[in-house]
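Peer 1: Starting off with a structure, shown below.
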4 protein chains.
Amino acid sequence: MKALVYHGPGERAWDAVPDPVIVDATDVIVRIDSSTICGTDLHILKGDVAAVTDGRVLGHEAVGTVTAVGAAVTGFAEGDRVLVPAITRCGRCAYCQRGMPSHCQTVGGIGWIFGHLIDGTQAEAVRVPYADTSLYKVPESVTDEQAIFLADSLPTGYEVGVLAGRVRPGHTVAVVGAGAVGLSAILTTGLWGASRVIAVDTNKFRLDKAREFGATDAVEAGDSAVADVKAMTDGLGVDVAIEAVGYPETLRTAAALVRPGGTVANVGVHGVPVELPMHELWIQNVTLTMGLVDTVSIPTLLTMVASGKIPSEKMGTHRFTFDRIGEAYDVFADAAANSALKVVITP
Amino acid sequence: MKALVYHGPGERAWDAVPDPVIVDATDVIVRIDSSTICGTDLHILKGDVAAVTDGRVLGHEAVGTVTAVGAAVTGFAEGDRVLVPAITRCGRCAYCQRGMPSHCQTVGGIGWIFGHLIDGTQAEAVRVPYADTSLYKVPESVTDEQAIFLADSLPTGYEVGVLAGRVRPGHTVAVVGAGAVGLSAILTTGLWGASRVIAVDTNKFRLDKAREFGATDAVEAGDSAVADVKAMTDGLGVDVAIEAVGYPETLRTAAALVRPGGTVANVGVHGVPVELPMHELWIQNVTLTMGLVDTVSIPTLLTMVASGKIPSEKMGTHRFTFDRIGEAYDVFADAAANSALKVVITP
Amino acid sequence: MKALVYHGPGERAWDAVPDPVIVDATDVIVRIDSSTICGTDLHILKGDVAAVTDGRVLGHEAVGTVTAVGAAVTGFAEGDRVLVPAITRCGRCAYCQRGMPSHCQTVGGIGWIFGHLIDGTQAEAVRVPYADTSLYKVPESVTDEQAIFLADSLPTGYEVGVLAGRVRPGHTVAVVGAGAVGLSAILTTGLWGASRVIAVDTNKFRLDKAREFGATDAVEAGDSAVADVKAMTDGLGVDVAIEAVGYPETLRTAAALVRPGGTVANVGVHGVPVELPMHELWIQNVTLTMGLVDTVSIPTLLTMVASGKIPSEKMGTHRFTFDRIGEAYDVFADAAANSALKVVITP
Amino acid sequence: MKALVYHGPGERAWDAVPDPVIVDATDVIVRIDSSTICGTDLHILKGDVAAVTDGRVLGHEAVGTVTAVGAAVTGFAEGDRVLVPAITRCGRCAYCQRGMPSHCQTVGGIGWIFGHLIDGTQAEAVRVPYADTSLYKVPESVTDEQAIFLADSLPTGYEVGVLAGRVRPGHTVAVVGAGAVGLSAILTTGLWGASRVIAVDTNKFRLDKAREFGATDAVEAGDSAVADVKAMTDGLGVDVAIEAVGYPETLRTAAALVRPGGTVANVGVHGVPVELPMHELWIQNVTLTMGLVDTVSIPTLLTMVASGKIPSEKMGTHRFTFDRIGEAYDVFADAAANSALKVVITP
């Protein structure tokens, strides 16, 4: 088959590689019908993720069709249309049992293994370990293009932003950074009854998208952003501030936006340490959360997409066939300039 | 009456001052039968708390007897033996209604006003605003010396450490810093079923006290402390790490001790910003909590003291009369060297 | 002033009575601008509520204007436009401190005192005890007719139905009984992300209203209702069943509708014991909740009404002036036949 | 091998039956080193459980040693010493993923299958389906006789009583019925900081045991029991009432003991409907919980047993070898008269 193979920093190629086969009795093979690219893939290509080595097939998001089933798999059969989430779950370690497969101890201490510790989903097919506890069937009423964003970005914004941030009815929420993940948070704040959602970004396209995705207010990032948001919130700040960028400055902005007793939910992936004003924050009864997605919210999100309450398909702005995956990477690498959110890649 | 008055950085005196009187209908006057000194009082004396100005009576912890009652007070009467907590609660602002009077918007945006924004409890008497919603009656079976530590240090360790840290049955908890507040956390981890409590400190006296207060393990702080604790916890770290010192280094130690999915509960008062390794932590699904005590756990703690399950009197190591309060400050200012935890000051 | 006075079972009159005056320093007097009638008022008139005696002014819901303020009241001033909720809260007893003023120990062991233990709101004016902790200011952008239903019916459906039932994103909820309170539950299920809301009632008008208020499905009550709902829910039943009628049969229906692990939230007021099939239910891991409203959700609901997300004004179907309050009672007493939900009564 | 076989109501025999063998790749075979008898086994023998048919091997509790492992099992190996819990968990259905395998949809809609839908553990060996997600390794420091009660009775008292009842620090808890399961609740109330635990029973032996297991008070069941308990609790009643008998009368007693806002946790297995005073309860803001155990608390309980904080071995009062299992049944069937709690059965 063909697959996007990593060949060291800056080097990727749409190569011919061996077809995946069943290795363990709990595996299935999935033919990829739809994949996409994540910001993490860009980090890998920069050489930032040491665990990814030459020869690795990239990608950790897919919708596809089961083509082979291991002997111990009872929940899936050939022909099933499935969502392959970013996280693999053994279902029995202490982390999986508490609903935190992001740290599944069985599959590697971390639940993200596709395109990282094993071959991934930017390929014509993929081997899926622990299929019974990891895959999700896609309901008929949900299209591939709606489901594909539930593999990672939508649950990331929802779980690491909205759930970890404990958004509750009546809350005012600020989302710092309106890229794909920030917009995913915005799209799902309504599930917990937020009354006001303030998007903060430097980019006009993203702020427009934020409003389209449900933000009630859009604030241009910059020196006056904190003051602008405080002016909207009785001077005390927001109940929940979601950071969806991953820089020291944006995390400090999120921390400055939150009122006493509020939560800062860090969703961004950080590359360097962050100096936090603990001398000001300690007395504010603020909670700071952070983490890798668990993807355990997928059943809820599939239900909401199927019921028409989460228009996830809006995340897809550009479409490419597999053989043009290089172009897809180029567009996504400069997403804001290309007015891109997520790209959809299909056979 | 006589009271301990602040006269600028480094200056304090046991002065004659006017007797406190009822100002608002919701006030009571309390004669002080027992007071104590908090680490915050030491910060004030260093000049670190700008809101405290020359002439302010210090102190925010007391047990005493009601001697006068405002016209609107219905819950307390002359002669009642009461606990005066560090936090004043109006009972009606949004923060008080959510159980977070640490940020009572009515009394000053912050619930800590005694010895800070109004005259305090290191005195022969004190005016207590919002008495009905702030004071607690002391049960007959609880002594003054058991109750006095429930004014601040015990609820701080419990609420900001154990409750915020979400200690649960079976958990392993590390407490970094075994001073009065760290020991308060140790003393109350059992209320939530911790199976193992590891104290980390540089001081042998404190580590011995930690064991006496319920720690199952004592680890000397230093270069190998993190490795020592990880070796006790399957290599992954503790479920909850409570920071009870307030330095960048100790907060980073606490963050290094916690396992994926765990909580770092910061109890320490920080004076400078803290650089946190967010590039390592973001993927660990760690929660960092912090805050000023609410003192809303006092009824629970009084119940547990009355039932004999929390021996709070163990916190008191030294006793002084009011006229020797200067000595009390000297002993407490160098607590570890003096084998002191909390000092008790009485008429 | 004039007020609706109870004169024993079946007897009510729009009588001249003395004007209310400040009794305690924590009282205010409110001129009534809008009131309404509750199902409980009908029970009282039948003689079902022994604590209500001859001479009592009825009513426990109002929007009005403050005309006098007790000496200890600091949160309200003459001229303030306020919501008078069904529940009075002292703010300091153990129940008030845990957010459960429905059982305020200070005001009578039960927080519902208006038109019950003290004179009520179906009058030109009312004395409001514990005003600082009980009243809510009405935001300018919220009309009287939007606010009046937040005094009791909307928080009852929301707190005793949706909150107690622990509705969560993706849930399917059944509401048995689509009268004013059942519709209030339906109107607020979206605050917690319900994906499907099934109304069950015998009355076509109410089922139509249910759809208008947000129900996704309407099922006619009767022998096949349980089977009909199970057929919609994979055969297992709903996540949350809200009972909003108050009869043994309807509570058993709610219990039959819920899936294993689900919650039955009883909102109805029961007049007789109920035989429950505990021999079938015990193994179903079902939770049954019940209770009097606390009205502590009013700030959240006011925020949602102000933001346009809860169209509470839809509850008002009929309008009367005070002197026609008798007619209002007649219409409301036979609400379903009169296509009535709630009546609005104004000067 | 030999096993205890059910042959219709009242009929049981220690028969020779075929050895169990691996059927599915996810099975293991466990040699039984220790088993016990549950109240449910007595119900089965009376013919109360229709799903149990002639020829079924009884029993759903065991500690044993793995002797054979299916091809897909990776978490266990021959020779492992394991706890076989009452509940089997597939690990992937919606119920298992929310931590409620009591209703595992994969293994039969109910997670209790041993000695019910498949052959059980009162035998020399047993086939364990879904071994990876169902079995627990027993730590070396925990004896067989400590572990065996964690298969069902201890987690039942803890999960269905203490956890469902939401016992919290400072609470007063009543336990109605001090048999094996009631005592299990009493033994674990301390994990959540209960300050007072009141046992209610008719039997002096059980009340003595209750005190030994941690009850602070013992009340003789009877006409004055409710008044006695209310007199101990300010007249309002207990925070949590745990019902551990299963009769209408005892459930009504539990409901009568609880204060407004409290929880009645029904642990008893009911055989007939129960008439509840909903006309009195609806206004009390009481929650009634019920359910089959999930056994998901086993890791926590094993940790607490290993740390010496839960002396589970105290549950075992009588010991029998397999060939005397008939006597074991006779003793347990009349447990109170025989001063028996749980019997231990070994090869």
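Each chain in the structure tokens gets a letter, A, B, ..., in the order shown, and its residues are numbered from 1; ligands are numbered from 1 in order too.
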Go through chain D residue by residue and, counting only C-alpha atoms, keep those with an atom at most 6 Å from chain C; for each kept residue give the shortest atom pair and its distance in Å to one decimal, ordered by chain and increasing number, as JSON lines.

Peer 2:
```
{"residue": "D:His270", "atom": "CA", "partner": "C:His279", "partner_atom": "CA", "distance": 4.6}
{"residue": "D:Gly271", "atom": "CA", "partner": "C:His279", "partner_atom": "CA", "distance": 4.8}
{"residue": "D:Val272", "atom": "CA", "partner": "C:His279", "partner_atom": "CA", "distance": 5.1}
{"residue": "D:Pro273", "atom": "CA", "partner": "C:Pro277", "partner_atom": "CA", "distance": 4.3}
{"residue": "D:Val274", "atom": "CA", "partner": "C:Leu276", "partner_atom": "CA", "distance": 5.4}
{"residue": "D:Glu275", "atom": "CA", "partner": "C:Glu275", "partner_atom": "CA", "distance": 3.9}
{"residue": "D:Leu276", "atom": "CA", "partner": "C:Val274", "partner_atom": "CA", "distance": 5.4}
{"residue": "D:Pro277", "atom": "CA", "partner": "C:Pro273", "partner_atom": "CA", "distance": 4.3}
{"residue": "D:Met278", "atom": "CA", "partner": "C:Pro273", "partner_atom": "CA", "distance": 5.0}
{"residue": "D:His279", "atom": "CA", "partner": "C:His270", "partner_atom": "CA", "distance": 4.6}
{"residue": "D:Trp282", "atom": "CA", "partner": "C:Gly291", "partner_atom": "CA", "distance": 5.1}
{"residue": "D:Ile283", "atom": "CA", "partner": "C:Gly291", "partner_atom": "CA", "distance": 4.6}
{"residue": "D:Gln284", "atom": "CA", "partner": "C:Gly291", "partner_atom": "CA", "distance": 5.6}
{"residue": "D:Asn285", "atom": "CA", "partner": "C:Gly291", "partner_atom": "CA", "distance": 3.7}
{"residue": "D:Val286", "atom": "CA", "partner": "C:Met290", "partner_atom": "CA", "distance": 6.0}
{"residue": "D:Thr287", "atom": "CA", "partner": "C:Thr289", "partner_atom": "CA", "distance": 4.5}
{"residue": "D:Leu288", "atom": "CA", "partner": "C:Leu288", "partner_atom": "CA", "distance": 5.0}
{"residue": "D:Thr289", "atom": "CA", "partner": "C:Thr287", "partner_atom": "CA", "distance": 4.5}
{"residue": "D:Met290", "atom": "CA", "partner": "C:Trp282", "partner_atom": "CA", "distance": 5.2}
{"residue": "D:Gly291", "atom": "CA", "partner": "C:Asn285", "partner_atom": "CA", "distance": 3.7}
{"residue": "D:Leu292", "atom": "CA", "partner": "C:Ile283", "partner_atom": "CA", "distance": 5.0}
```

Peer 1: Name the residues in contact with Ala50 of chain C at a cut-off of 12 Å, using only C-alpha atoms, excluding same-chain residues fewer than 4 positions from it; report them as number ranges by chain.

Peer 2: C: 8-9, 43-46, 54, 56, 116-117

Peer 1: Just the residues within 10 Å of Val343 of chain D, please, counting only C-alpha atoms, with nothing from its chain fewer than 5 positions along; format it as a list of chain:residue names.

Peer 2: D:Ser35, D:Thr36, D:Ile37, D:Cys38, D:Phe149, D:Met315, D:Gly316, D:Thr317, D:His318, D:Arg319, D:Phe320, D:Ile325, D:Ala328, D:Tyr329, D:Val331, D:Phe332, D:Ala335

Peer 1: Take atom CA of Val82 of chain C and atom CA of Ala147 of chain C and report the distance between them in Å, one decimal.

Peer 2: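 Distance between the two atoms: 9.1 Å.
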
Peer 1: Provide the atom CA of Lys2 of chain A to atom CA of Asp323 of chain A distance in Å, to one decimal place.

Peer 2: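 Here the two named atoms are 8.9 Å from each other.
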
Peer 1: Applying 9 Å and only C-alpha atoms, which residues near Arg92 of chain D remain after dropping the ones on its own chain fewer than 3 positions away? List them as a short mmCIF file (atom, residue, chain, number, x, y, z; two decimals) with all heavy atoms, in the first residue's frame.

Peer 2:
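What ended up in selection37.cif:
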```cif
data_model
loop_
_atom_site.label_atom_id
_atom_site.label_comp_id
_atom_site.auth_asym_id
_atom_site.auth_seq_id
_atom_site.Cartn_x
_atom_site.Cartn_y
_atom_site.Cartn_z
N GLY A 75 -16.37 -7.34 18.93
CA GLY A 75 -17.23 -6.18 18.79
C GLY A 75 -17.29 -5.61 17.38
O GLY A 75 -18.14 -4.78 17.08
N GLY A 91 -8.21 -0.91 28.01
CA GLY A 91 -9.47 -1.19 28.69
C GLY A 91 -9.34 -1.82 30.06
O GLY A 91 -10.32 -2.01 30.76
N ASP A 132 -11.38 -3.76 20.16
CA ASP A 132 -12.67 -3.80 20.87
C ASP A 132 -12.84 -2.63 21.81
O ASP A 132 -13.95 -2.13 21.99
CB ASP A 132 -12.79 -5.12 21.66
CG ASP A 132 -13.46 -6.22 20.85
OD1 ASP A 132 -14.12 -5.93 19.83
OD2 ASP A 132 -13.32 -7.40 21.26
N THR A 133 -11.77 -2.21 22.45
CA THR A 133 -11.88 -1.12 23.43
C THR A 133 -11.46 0.24 22.88
O THR A 133 -11.52 1.23 23.60
CB THR A 133 -11.05 -1.46 24.69
OG1 THR A 133 -9.81 -2.05 24.29
CG2 THR A 133 -11.79 -2.43 25.59
N SER A 134 -11.04 0.27 21.60
CA SER A 134 -10.56 1.54 21.06
C SER A 134 -11.43 2.12 19.94
O SER A 134 -11.59 3.34 19.85
CB SER A 134 -9.12 1.38 20.54
OG SER A 134 -8.26 0.99 21.59
N ARG D 89 -16.70 -8.33 33.58
CA ARG D 89 -16.70 -7.05 32.85
C ARG D 89 -16.07 -7.21 31.48
O ARG D 89 -14.89 -7.57 31.38
CB ARG D 89 -15.90 -6.04 33.68
CG ARG D 89 -15.58 -4.77 32.95
CD ARG D 89 -15.11 -3.68 33.86
NE ARG D 89 -13.96 -4.05 34.64
CZ ARG D 89 -13.33 -3.23 35.47
NH1 ARG D 89 -13.78 -2.01 35.65
NH2 ARG D 89 -12.28 -3.63 36.13
N TYR D 95 -21.78 0.46 29.53
CA TYR D 95 -21.83 0.33 30.99
C TYR D 95 -20.44 0.10 31.59
O TYR D 95 -20.08 0.69 32.60
CB TYR D 95 -22.82 -0.76 31.41
CG TYR D 95 -24.25 -0.28 31.33
CD1 TYR D 95 -25.02 -0.49 30.20
CD2 TYR D 95 -24.80 0.46 32.37
CE1 TYR D 95 -26.32 0.00 30.11
CE2 TYR D 95 -26.09 0.95 32.30
CZ TYR D 95 -26.85 0.72 31.16
OH TYR D 95 -28.13 1.22 31.09
N CYS D 96 -19.66 -0.77 30.97
CA CYS D 96 -18.31 -1.00 31.49
C CYS D 96 -17.48 0.27 31.39
O CYS D 96 -16.71 0.59 32.30
CB CYS D 96 -17.63 -2.14 30.72
SG CYS D 96 -18.27 -3.77 31.22
N GLN D 97 -17.67 1.03 30.31
CA GLN D 97 -16.86 2.24 30.15
C GLN D 97 -17.24 3.32 31.15
O GLN D 97 -16.42 4.17 31.47
CB GLN D 97 -16.96 2.75 28.72
CG GLN D 97 -16.22 1.81 27.77
CD GLN D 97 -15.92 2.44 26.43
OE1 GLN D 97 -15.98 3.65 26.26
NE2 GLN D 97 -15.59 1.60 25.47
N CYS D 104 -23.17 -4.89 32.47
CA CYS D 104 -22.41 -5.18 31.25
C CYS D 104 -23.35 -5.77 30.20
O CYS D 104 -23.97 -6.82 30.42
CB CYS D 104 -21.27 -6.16 31.55
SG CYS D 104 -20.36 -6.66 30.07
N THR D 106 -22.51 -6.93 27.33
CA THR D 106 -21.90 -7.99 26.54
C THR D 106 -22.08 -9.36 27.18
O THR D 106 -22.33 -10.35 26.50
CB THR D 106 -20.38 -7.70 26.38
OG1 THR D 106 -20.23 -6.39 25.88
CG2 THR D 106 -19.73 -8.71 25.45
#
```
